[in-house]
Every structure is written in C-alpha cells, then in structure tokens.
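Data file: start_19.csv. Format and content: CSV, C-alpha atoms and all ligand atoms.
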chain,number,residue,atom,x,y,z
A,291,MET,CA,-54.7,23.0,-9.8
A,292,SER,CA,-55.8,23.8,-6.3
A,293,ALA,CA,-53.1,25.5,-4.3
A,294,GLU,CA,-53.9,23.5,-1.3
A,295,PHE,CA,-53.7,20.0,-2.7
A,296,PRO,CA,-50.2,18.7,-2.7
A,297,TYR,CA,-49.8,17.7,-6.3
A,298,VAL,CA,-46.2,18.7,-6.0
A,299,ARG,CA,-44.6,16.2,-3.6
A,300,PRO,CA,-40.8,16.6,-3.3
A,301,ARG,CA,-40.9,13.8,-0.8
A,302,ARG,CA,-41.4,11.3,-3.7
A,303,LEU,CA,-37.7,11.7,-4.4
A,304,ARG,CA,-36.7,11.1,-0.8
A,305,GLN,CA,-38.7,8.0,-0.1
A,306,SER,CA,-36.1,5.3,-0.3
A,307,PRO,CA,-32.3,4.9,-0.1
A,308,ALA,CA,-32.3,3.9,-3.8
A,309,MET,CA,-34.3,7.0,-4.8
A,310,ARG,CA,-32.1,9.3,-2.8
A,311,ARG,CA,-29.0,7.8,-4.2
A,312,LEU,CA,-30.4,8.2,-7.8
A,313,VAL,CA,-31.0,11.9,-7.3
A,314,ALA,CA,-28.0,12.9,-5.2
A,315,GLU,CA,-26.3,15.9,-6.8
A,316,THR,CA,-23.1,15.6,-4.8
A,317,ARG,CA,-21.0,12.5,-4.4
A,318,LEU,CA,-17.8,12.2,-2.5
A,319,HIS,CA,-15.0,10.0,-3.8
A,320,PRO,CA,-11.7,9.1,-2.1
A,321,ALA,CA,-9.7,10.3,-5.1
A,322,GLU,CA,-10.6,13.9,-4.4
A,323,LEU,CA,-9.6,13.7,-0.7
A,324,ILE,CA,-6.1,14.9,0.4
A,325,LEU,CA,-4.7,13.9,3.8
A,326,PRO,CA,-2.5,16.4,5.6
A,327,LEU,CA,0.4,14.7,7.5
A,328,PHE,CA,2.9,16.0,9.9
A,329,VAL,CA,6.4,14.7,10.2
A,330,ARG,CA,8.7,15.6,13.1
A,331,GLU,CA,12.4,15.6,13.1
A,332,GLY,CA,14.3,13.6,15.7
A,333,VAL,CA,11.5,11.5,17.3
A,334,SER,CA,11.5,7.8,17.5
A,335,GLU,CA,7.8,7.4,18.3
A,336,PRO,CA,4.8,9.3,16.8
A,337,VAL,CA,3.8,12.2,19.0
A,338,PRO,CA,0.0,12.7,19.5
A,339,VAL,CA,-1.4,16.2,18.9
A,340,THR,CA,-3.6,16.6,21.9
A,341,SER,CA,-5.9,19.2,20.4
A,342,MET,CA,-6.5,16.9,17.4
A,343,PRO,CA,-7.4,13.5,18.8
A,344,GLY,CA,-6.3,10.8,16.3
A,345,VAL,CA,-3.7,13.0,14.6
A,346,VAL,CA,0.0,12.6,15.3
A,347,GLN,CA,3.4,14.1,14.4
A,348,HIS,CA,4.9,11.2,12.5
A,349,THR,CA,8.4,9.8,12.6
A,350,ARG,CA,9.9,9.3,9.2
A,351,ASP,CA,9.1,5.6,9.5
A,352,THR,CA,5.5,6.0,10.5
A,353,LEU,CA,5.0,8.6,7.8
A,354,ARG,CA,5.9,6.1,5.2
A,355,LYS,CA,3.4,3.7,6.6
A,356,ALA,CA,0.7,6.4,6.7
A,357,VAL,CA,1.3,7.2,3.1
A,358,VAL,CA,1.1,3.6,2.0
A,359,GLU,CA,-2.3,3.4,3.8
A,360,ALA,CA,-3.4,6.6,2.1
A,361,ALA,CA,-2.6,5.1,-1.3
A,362,GLU,CA,-4.3,1.8,-0.4
A,363,ALA,CA,-7.4,3.8,0.7
A,364,GLY,CA,-7.4,5.4,-2.8
A,365,LEU,CA,-6.9,8.9,-1.6
A,366,GLY,CA,-6.0,11.6,-4.2
A,367,GLY,CA,-2.9,12.9,-2.3
A,368,VAL,CA,-1.1,13.8,0.8
A,369,MET,CA,0.0,17.3,2.0
A,370,LEU,CA,3.2,17.1,4.0
A,371,PHE,CA,4.1,19.5,6.8
A,372,GLY,CA,7.6,19.4,8.4
A,373,VAL,CA,8.2,20.0,12.1
A,374,PRO,CA,11.9,20.8,12.4
A,375,ALA,CA,14.1,20.3,15.5
A,376,LYS,CA,15.3,23.8,15.4
A,377,GLN,CA,13.8,27.1,14.4
A,378,ASP,CA,15.5,30.4,13.7
A,379,ALA,CA,14.7,33.9,12.4
A,380,VAL,CA,14.7,33.1,8.7
A,381,GLY,CA,13.5,29.5,8.9
A,382,SER,CA,16.7,28.0,7.7
A,383,GLU,CA,15.5,24.4,8.0
A,384,GLY,CA,12.9,25.1,5.4
A,385,THR,CA,15.6,25.5,2.7
A,386,ASN,CA,18.0,22.9,4.0
A,387,PRO,CA,18.1,20.2,1.3
A,388,ASP,CA,18.3,17.7,4.2
A,389,GLY,CA,15.7,19.4,6.3
A,390,ILE,CA,12.9,17.2,7.7
A,391,LEU,CA,10.3,18.1,5.0
A,392,GLN,CA,12.7,17.5,2.2
A,393,GLN,CA,13.7,14.1,3.7
A,394,ALA,CA,10.1,13.2,4.1
A,395,ILE,CA,9.3,14.1,0.5
A,396,ARG,CA,12.0,11.8,-0.7
A,397,ASP,CA,10.9,9.0,1.6
A,398,VAL,CA,7.3,9.3,0.5
A,399,VAL,CA,8.0,9.6,-3.3
A,400,ALA,CA,10.2,6.5,-3.0
A,401,GLU,CA,7.5,4.7,-1.1
A,402,VAL,CA,4.5,5.4,-3.2
A,403,GLY,CA,5.8,6.8,-6.4
A,404,ASP,CA,3.0,7.9,-8.6
A,405,ALA,CA,0.2,6.2,-6.7
A,406,LEU,CA,-0.6,9.4,-4.9
A,407,VAL,CA,0.0,13.1,-5.6
A,408,VAL,CA,2.6,14.2,-3.1
A,409,MET,CA,2.2,17.8,-2.0
A,410,SER,CA,4.2,19.9,0.5
A,411,ASP,CA,3.5,23.0,2.5
A,412,LEU,CA,5.6,25.9,1.3
A,413,CYS,CA,5.6,28.3,4.2
A,414,LEU,CA,8.0,29.5,6.8
A,415,ASP,CA,5.9,29.4,10.0
A,416,GLU,CA,6.9,25.8,10.9
A,417,TYR,CA,10.6,26.9,10.7
A,418,THR,CA,10.8,30.4,12.2
A,419,ASP,CA,11.4,31.1,15.9
A,420,HIS,CA,8.9,34.0,15.8
A,421,GLY,CA,6.3,31.8,14.1
A,422,HIS,CA,5.4,34.1,11.2
A,423,CYS,CA,5.0,32.9,7.7
A,424,GLY,CA,7.8,35.1,6.5
A,425,VAL,CA,11.0,36.9,7.5
A,426,LEU,CA,10.7,40.1,9.6
A,427,ALA,CA,11.9,43.6,8.7
A,428,ALA,CA,13.8,45.7,11.2
A,429,ASP,CA,10.5,47.1,12.5
A,430,GLY,CA,9.1,43.6,13.2
A,431,SER,CA,6.7,43.6,10.3
A,432,VAL,CA,6.6,40.7,7.9
A,433,ASP,CA,8.8,41.6,4.9
A,434,ASN,CA,6.9,40.6,1.8
A,435,ASP,CA,9.6,40.7,-0.8
A,436,ALA,CA,12.4,39.3,1.4
A,437,THR,CA,10.0,36.4,2.1
A,438,LEU,CA,9.5,35.8,-1.6
A,439,GLU,CA,13.2,35.1,-1.9
A,440,ARG,CA,13.0,32.5,0.8
A,441,TYR,CA,9.9,30.9,-0.8
A,442,ALA,CA,11.7,30.6,-4.2
A,443,GLU,CA,14.5,28.7,-2.4
A,444,MET,CA,12.0,26.5,-0.6
A,445,ALA,CA,10.3,25.7,-3.9
A,446,ARG,CA,13.6,24.6,-5.4
A,447,VAL,CA,14.6,22.3,-2.5
A,448,GLN,CA,11.1,20.8,-2.3
A,449,ALA,CA,11.1,20.2,-6.1
A,450,ASP,CA,14.6,18.8,-6.0
A,451,ALA,CA,13.3,16.3,-3.4
A,452,GLY,CA,10.7,15.1,-5.8
A,453,VAL,CA,7.4,16.8,-4.7
A,454,HIS,CA,4.6,16.9,-7.3
A,455,LEU,CA,2.8,20.0,-6.1
A,456,VAL,CA,4.0,22.7,-3.8
A,457,GLY,CA,1.4,24.4,-1.6
A,458,PRO,CA,2.4,28.0,-0.8
A,459,SER,CA,0.3,29.0,2.2
A,460,GLY,CA,2.0,32.2,3.4
A,461,MET,CA,-0.3,34.8,1.6
A,462,MET,CA,2.6,36.9,0.5
A,463,ASP,CA,1.8,39.1,-2.6
A,464,GLY,CA,3.4,37.8,-5.7
A,465,GLN,CA,4.3,34.4,-4.2
A,466,ILE,CA,2.9,32.3,-7.1
A,467,ALA,CA,4.8,34.2,-9.7
A,468,VAL,CA,8.1,34.0,-7.8
A,469,ILE,CA,7.7,30.3,-7.1
A,470,ARG,CA,6.7,29.5,-10.7
A,471,ARG,CA,9.8,31.3,-12.0
A,472,ALA,CA,12.1,29.7,-9.5
A,473,LEU,CA,10.7,26.2,-10.4
A,474,ASP,CA,11.0,26.8,-14.1
A,475,GLU,CA,14.5,28.2,-13.9
A,476,ALA,CA,15.6,25.1,-11.9
A,477,GLY,CA,14.2,22.8,-14.6
A,478,HIS,CA,11.1,21.9,-12.6
A,479,GLN,CA,8.5,22.9,-15.2
A,480,ASP,CA,6.4,19.9,-14.3
A,481,VAL,CA,6.1,20.6,-10.6
A,482,GLY,CA,2.7,22.3,-10.1
A,483,ILE,CA,1.4,24.8,-7.6
A,484,LEU,CA,-1.6,24.4,-5.4
A,485,ALA,CA,-2.1,28.0,-4.3
A,486,TYR,CA,-3.6,28.9,-1.0
A,487,THR,CA,-5.6,31.6,-2.7
A,488,ALA,CA,-8.3,32.7,-0.2
A,489,LYS,CA,-6.8,32.2,3.2
A,490,TYR,CA,-8.3,33.9,6.1
A,491,ALA,CA,-6.7,35.0,9.4
A,492,SER,CA,-8.7,32.4,11.3
A,493,ALA,CA,-9.1,31.1,14.9
A,494,PHE,CA,-9.8,27.8,13.3
A,495,TYR,CA,-6.1,27.2,12.8
A,496,GLY,CA,-5.6,27.0,16.6
A,497,PRO,CA,-4.9,23.3,17.0
A,498,PHE,CA,-2.6,23.3,13.9
A,499,ARG,CA,-0.2,25.6,15.8
A,500,GLU,CA,0.3,22.8,18.3
A,501,ALA,CA,0.7,20.3,15.5
A,502,VAL,CA,3.6,22.1,14.0
A,503,GLY,CA,5.1,23.5,17.2
A,504,SER,CA,4.6,27.1,16.1
A,505,SER,CA,5.8,29.7,18.5
A,506,LEU,CA,3.6,32.5,17.1
A,507,LYS,CA,2.8,35.3,19.6
A,508,GLY,CA,0.9,37.8,17.6
A,509,ASP,CA,-1.4,37.2,14.7
A,510,ARG,CA,-1.3,37.0,10.9
A,511,LYS,CA,-3.8,39.8,10.1
A,512,THR,CA,-1.3,41.8,8.0
A,513,TYR,CA,-1.1,39.0,5.4
A,514,GLN,CA,-4.0,36.6,5.8
A,515,GLN,CA,-7.5,37.9,4.9
A,516,ASP,CA,-10.1,39.5,7.1
A,517,PRO,CA,-13.0,37.2,7.8
A,518,ALA,CA,-15.3,40.1,7.0
A,519,ASN,CA,-14.3,40.2,3.3
A,520,ALA,CA,-15.4,38.0,0.4
A,521,ARG,CA,-14.6,40.3,-2.6
A,522,GLU,CA,-10.8,40.2,-2.1
A,523,SER,CA,-10.9,36.5,-2.6
A,524,LEU,CA,-11.8,37.0,-6.2
A,525,ARG,CA,-8.9,39.4,-6.6
A,526,GLU,CA,-6.6,36.9,-5.0
A,527,LEU,CA,-8.0,34.3,-7.4
A,528,GLN,CA,-7.4,36.4,-10.5
A,529,GLN,CA,-3.9,37.1,-9.3
A,530,ASP,CA,-3.0,33.6,-8.5
A,531,VAL,CA,-4.3,32.3,-11.8
A,532,ALA,CA,-2.5,35.0,-13.7
A,533,GLU,CA,0.7,34.1,-11.9
A,534,GLY,CA,0.4,30.4,-12.9
A,535,ALA,CA,-1.4,28.6,-10.1
A,536,ASP,CA,-2.5,25.1,-11.2
A,537,LEU,CA,-5.0,24.7,-8.5
A,538,VAL,CA,-6.4,27.2,-6.0
A,539,MET,CA,-7.7,26.7,-2.5
A,540,VAL,CA,-10.1,28.3,0.0
A,541,LYS,CA,-9.3,27.9,3.7
A,542,PRO,CA,-10.9,27.4,6.2
A,543,ALA,CA,-13.8,25.5,4.6
A,544,MET,CA,-17.0,25.4,6.7
A,545,ALA,CA,-17.2,29.0,7.9
A,546,TYR,CA,-16.3,30.2,4.3
A,547,LEU,CA,-18.7,28.2,2.1
A,548,ASP,CA,-20.0,31.4,0.5
A,549,VAL,CA,-16.4,32.3,-0.5
A,550,LEU,CA,-15.8,28.8,-1.8
A,551,ARG,CA,-18.9,29.1,-4.0
A,552,GLN,CA,-17.9,32.4,-5.4
A,553,VAL,CA,-14.3,31.3,-6.1
A,554,ALA,CA,-15.6,28.0,-7.6
A,555,ASP,CA,-18.0,29.9,-9.9
A,556,ALA,CA,-15.2,32.2,-11.1
A,557,SER,CA,-12.2,29.9,-11.3
A,558,PRO,CA,-10.8,28.4,-14.6
A,559,VAL,CA,-8.6,26.0,-12.6
A,560,PRO,CA,-9.6,23.3,-10.0
A,561,VAL,CA,-10.7,24.6,-6.6
A,562,ALA,CA,-9.8,22.9,-3.4
A,563,ALA,CA,-10.9,23.6,0.2
A,564,TYR,CA,-9.1,22.9,3.4
A,565,GLN,CA,-11.1,21.6,6.3
A,566,VAL,CA,-8.7,22.9,8.9
A,567,SER,CA,-7.6,21.8,12.4
A,568,GLY,CA,-10.3,23.7,14.3
A,569,GLU,CA,-13.0,22.2,12.2
A,570,TYR,CA,-11.7,18.8,13.0
A,571,ALA,CA,-11.2,19.5,16.7
A,572,MET,CA,-14.7,20.9,17.1
A,573,VAL,CA,-16.4,17.8,15.8
A,574,GLU,CA,-14.0,15.4,17.6
A,575,ALA,CA,-14.6,17.3,20.9
A,576,ALA,CA,-18.4,17.3,20.5
A,577,ALA,CA,-18.3,13.6,19.6
A,578,ALA,CA,-16.1,12.7,22.5
A,579,ASN,CA,-18.8,14.2,24.7
A,580,GLY,CA,-21.5,12.1,23.0
A,581,TRP,CA,-23.2,15.3,21.8
A,582,ILE,CA,-23.2,14.5,18.0
A,583,ASP,CA,-23.0,11.5,15.7
A,584,ARG,CA,-19.3,11.7,14.6
A,585,GLU,CA,-19.4,9.7,11.4
A,586,ARG,CA,-22.6,11.5,10.1
A,587,MET,CA,-21.0,14.8,11.0
A,588,ILE,CA,-17.8,13.9,9.0
A,589,MET,CA,-19.7,12.9,5.9
A,590,GLU,CA,-22.1,15.9,6.1
A,591,THR,CA,-19.4,18.4,6.5
A,592,LEU,CA,-17.4,16.9,3.6
A,593,THR,CA,-20.6,16.7,1.4
A,594,SER,CA,-21.4,20.4,2.2
A,595,ILE,CA,-17.8,21.5,1.2
A,596,ARG,CA,-18.1,19.5,-2.0
A,597,ARG,CA,-21.6,21.0,-2.7
A,598,ALA,CA,-20.3,24.5,-2.2
A,599,GLY,CA,-17.9,24.0,-5.0
A,600,ALA,CA,-14.7,22.3,-3.8
A,601,GLU,CA,-13.4,19.6,-6.2
A,602,GLN,CA,-10.6,18.5,-3.8
A,603,ILE,CA,-10.8,18.6,0.0
A,604,LEU,CA,-7.9,18.5,2.4
A,605,THR,CA,-9.2,16.9,5.6
A,606,TYR,CA,-7.6,15.1,8.5
A,607,TRP,CA,-10.4,12.5,8.1
A,608,ALA,CA,-9.4,11.7,4.5
A,609,ALA,CA,-8.5,8.0,5.2
A,610,GLU,CA,-11.5,7.4,7.5
A,611,ALA,CA,-13.9,9.1,5.1
A,612,ALA,CA,-12.5,6.9,2.3
A,613,ALA,CA,-13.2,3.8,4.4
A,614,LEU,CA,-16.7,5.1,5.1
A,615,LEU,CA,-17.4,5.6,1.4
A,616,LYS,CA,-16.5,2.0,0.6
A,701,LIG,C1,0.8,27.8,7.3
A,701,LIG,C2,-0.4,26.9,7.4
A,701,LIG,C3,-1.4,27.0,8.5
A,701,LIG,C4,-2.3,25.9,8.2
A,701,LIG,C5,-1.8,25.3,7.0
A,701,LIG,N1,-0.7,26.0,6.6
A,701,LIG,C6,-1.4,27.8,9.7
A,701,LIG,C7,-1.6,29.2,9.6
A,701,LIG,O1,-1.7,29.8,8.5
A,701,LIG,O2,-1.6,29.8,10.7
A,701,LIG,C8,-3.4,25.6,9.0
A,701,LIG,C9,-4.0,24.2,8.8
A,701,LIG,C10,-5.0,23.8,9.8
A,701,LIG,O3,-5.4,24.6,10.7
A,701,LIG,O4,-5.4,22.6,9.8
A,701,LIG,N2,1.9,27.0,7.1
Here is the file; what I need is its structure written in the form of structure tokens.
Amino acid sequence: MSAEFPYVRPRRLRQSPAMRRLVAETRLHPAELILPLFVREGVSEPVPVTSMPGVVQHTRDTLRKAVVEAAEAGLGGVMLFGVPAKQDAVGSEGTNPDGILQQAIRDVVAEVGDALVVMSDLCLDEYTDHGHCGVLAADGSVDNDATLERYAEMARVQADAGVHLVGPSGMMDGQIAVIRRALDEAGHQDVGILAYTAKYASAFYGPFREAVGSSLKGDRKTYQQDPANARESLRELQQDVAEGADLVMVKPAMAYLDVLRQVADASPVPVAAYQVSGEYAMVEAAAANGWIDRERMIMETLTSIRRAGAEQILTYWAAEAAALLK
C-alpha cells in the first residue's frame, strides 16, 4: 500500500450522527450524576450564590423541591451541604442532632426515600468560625487526631438522620477508618462512605467558600494535596480502600484528569469525580459574556471527566445535564 494514498480513513466513522453514536466510547447517563445542594439555616427564601449563577442556598422547603426534581430527572444522588446560622471553634452545629444538615437529611430521606442516594458532606469547615476543616491545636495548626473524634461524631449524627453515604472531605489522616468504626459501633453498618481520596488544595474551590459562608483566612495546604503531586493520590487511594471506603473521589476534576485516570486504573472500588465550584463558575462566566457555547461546554466537560475514568460525577449542572441527555 502506498503511504500517500489514504486507504485508512478515520473520517468514515465520523461521517454521520448515527455512525458517531454507534462508535462513541463514552456515554453519559443521568444515573451517574450527583447534584450538590446547599441548605441554609434560618432563611425563608433561597439565597443566590453570586459567584455561581443559578446555584442557591436552599431553605428547607426549597431543598425538598429540588430533591424531588433531582429524582424526577433520574439523577443518581444528591450531596448535601449545611450552612449553619452560627459557627464556633469546634463546629458544634456539625454534630448537633438538630443541626441544619441533619434536619435536611431527614427532610430529604422522608421526601424521596430510596429514589435517590442521599449523601452528606462530612467536614467541619462549614461549621467552624476559623473556616478550617478540623479543630485547631494551641499553636493554630489543624489537629488531625482531635478532628477525627469530631468526624466520628458527625458520622453518627448524619447516619442517625438517615443518610445513605457520608462524604468525608476533610483530608485528615485516618478519617475513613475512624468513621467506619464509629458507624459500625452505632449499628450503621449499611451506611457507606464516599471518600474524598485525592483532594487538592485548589483555587477552584473559591466560589464554594461563598456558597457555604466559610470564613477561612489562610489555606488548606497542610491537609489537602499539592497540585504538583500525582503519586500521593495512589497512596491515599490504597489507604482509603484499606480503611473501608466504598467509593473514592478525585477533586477537582478538569485540572486533574491525569490523576483521575491513574486512580481509576488502580481502584478496586467505584471512582467519582467532583466538578467543583470554580469549574462551574468559569464556564458560566464565559458563557454570560457570549464567549463560549454553554451547553456544549457542559456536555464536553462531563464527557471528558467520564472518559478519564470517573463513574460518578458530582456537578452543579447535574439536573440540567440530565435534561440535555433526554
Ligand atoms: C469541604 C469541601 C469543599 C468543597 C467540597 N467540600 C471546600 C474545600 O475543601 O475548601 C468544594 C466544592 C466546590 O468547590 O464545589 N467541606
């Protein structure tokens, strides 16, 4: 065969929508999308998050409606974040059985039952007045082992409220083991753990801080991972799986697709990715300026995250993406 003549024509498989559909390697489905939702204590109307156009801090009532819509859209699940009315040094509201997140879990489980997997953020940053994901030692550093005790208590109250999966996002060493033991000792063997396994100290969380009213002054570089490193994600994976994680997650998504691929190749449990607030805000801002095609961008980013190995995707566009897939 002559090297010049194009006997090999990859374009044959691209020539029509039907042909492209036939050979597509990656397909998105609403059932693998998870919608993060914020619920704020003490508000009578939803409060818009200005850095995330289209996202709100829900009231307990509007949260129930959002979750019913999520179920109707066929989503796989929701991830709930509480925004308490008061914060303190140890994040007391995070372990208050009647704290906003625990109330929201009960509301949502009562509303949708088993039609959706109900997940909750298990972390202290929404509840602490210093904004860190843990409690502080006398020198101001984040105290790993004292924080683990708080996480164990959070796991118990969230499980008592009826959550299906807890989502520890604080990146404390040993958090999965301690949470697993706390759940089991409290008789919650069937409550699972979606572990934030590879979580980077990322500027992409910027808009989220507004969404949860976080008062963080410094940064999280002593507990979240350095964006320069991929290898330690595999160590975190081994550790989380050994400690009993049921699913693992990589976060953020788009700037870490290489990490996602490595984790997906090595993981014996399902791998999720979180398309975070900054990823959402970038696309929304560019679209608002008329610089990009918003819907194509949403589907392309989700497809790429899926292609890189995520089997579940947390995205603020979950409901909209599900509608676009219909
Ligand atoms: C911690 C937590 C954060 C996010 C999810 N869980 C913030 C952080 O680690 O600083 C970020 C999510 C997003 O940016 O969309 N509770």
Counting only C-alpha atoms, figure out which residue out of A:Gly568, A:Pro517, A:Pro296, A:Gly599 gets nearest to Leu547 of chain A.
A:Gly599
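The spacing separating atom CA of Arg304 of chain A from atom CA of Ser594 of chain A amounts to 18.2 Å.
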Set the distance at 9 Å and use only C-alpha atoms: which residues neighbour segment 508-510 of chain A once local chain neighbours fewer than 4 positions away are removed? I'd like the list as a short mmCIF file (atom, residue, chain, number, x, y, z; two decimals) with C-alpha atoms, keeping the file's coordinate frame.
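What follows is the written file part11.cif:
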data_model
loop_
_atom_site.label_atom_id
_atom_site.label_comp_id
_atom_site.auth_asym_id
_atom_site.auth_seq_id
_atom_site.Cartn_x
_atom_site.Cartn_y
_atom_site.Cartn_z
CA GLY A 421 6.30 31.80 14.10
CA HIS A 422 5.40 34.10 11.20
CA CYS A 423 5.00 32.90 7.70
CA ALA A 491 -6.70 35.00 9.40
CA SER A 492 -8.70 32.40 11.30
CA GLN A 514 -4.00 36.60 5.80
CA GLN A 515 -7.50 37.90 4.90
#
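Surrounding residues of (-4.5, 9.9, 4.7) at most 6 Å away are Leu325, Ala360, Ala608 and Ala609 of chain A (based on only C-alpha atoms).
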Could you please extract the residues within 9 Å of ligand LIG 701 (chain A), counting only C-alpha atoms and all ligand atoms, and hand them back as a ChimeraX atom specification?
/A:326,371,411-416,421-423,457-461,486,489-499,501-502,504,506,509-510,514,541-542,564-570,604-606
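Counting only C-alpha atoms, Val559 of chain A has the following residues at most 10 Å away, ignoring those fewer than 4 positions along the same chain: Leu527, Val531, Ala535, Asp536, Leu537, Val538 and Ala554 of chain A.
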Emit the selected residues as a compact mmCIF listing (two decimals), in the coordinates of the input, including C-alpha atoms.
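Contents of selection-v4.txt, as written:
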# COMPACT_ATOMS: atom_id res chain seq x y z
CA LEU A 527 -8.00 34.30 -7.40
CA VAL A 531 -4.30 32.30 -11.80
CA ALA A 535 -1.40 28.60 -10.10
CA ASP A 536 -2.50 25.10 -11.20
CA LEU A 537 -5.00 24.70 -8.50
CA VAL A 538 -6.40 27.20 -6.00
CA ALA A 554 -15.60 28.00 -7.60
Interatomic distance (Å, one decimal) between atom CA of Val456 of chain A and atom CA of Thr385 of chain A
13.6 Å
12 Å contact set for Ala436 of chain A, all atoms listed in the file, chain neighbours under 4 positions out, as a ChimeraX atom specification:
/A:380,423-428,431-432,440-443,462-465,468
Go ahead and write the residues just picked, C-alpha atoms, as a PDB file, keeping the file's coordinate frame.
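Final output, saved to result.pdb:
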ATOM      1  CA  VAL A 380      14.700  33.100   8.700  1.00  0.00           C
ATOM      2  CA  CYS A 423       5.000  32.900   7.700  1.00  0.00           C
ATOM      3  CA  GLY A 424       7.800  35.100   6.500  1.00  0.00           C
ATOM      4  CA  VAL A 425      11.000  36.900   7.500  1.00  0.00           C
ATOM      5  CA  LEU A 426      10.700  40.100   9.600  1.00  0.00           C
ATOM      6  CA  ALA A 427      11.900  43.600   8.700  1.00  0.00           C
ATOM      7  CA  ALA A 428      13.800  45.700  11.200  1.00  0.00           C
ATOM      8  CA  SER A 431       6.700  43.600  10.300  1.00  0.00           C
ATOM      9  CA  VAL A 432       6.600  40.700   7.900  1.00  0.00           C
ATOM     10  CA  ARG A 440      13.000  32.500   0.800  1.00  0.00           C
ATOM     11  CA  TYR A 441       9.900  30.900  -0.800  1.00  0.00           C
ATOM     12  CA  ALA A 442      11.700  30.600  -4.200  1.00  0.00           C
ATOM     13  CA  GLU A 443      14.500  28.700  -2.400  1.00  0.00           C
ATOM     14  CA  MET A 462       2.600  36.900   0.500  1.00  0.00           C
ATOM     15  CA  ASP A 463       1.800  39.100  -2.600  1.00  0.00           C
ATOM     16  CA  GLY A 464       3.400  37.800  -5.700  1.00  0.00           C
ATOM     17  CA  GLN A 465       4.300  34.400  -4.200  1.00  0.00           C
ATOM     18  CA  VAL A 468       8.100  34.000  -7.800  1.00  0.00           C
TER      19      VAL A 468
END
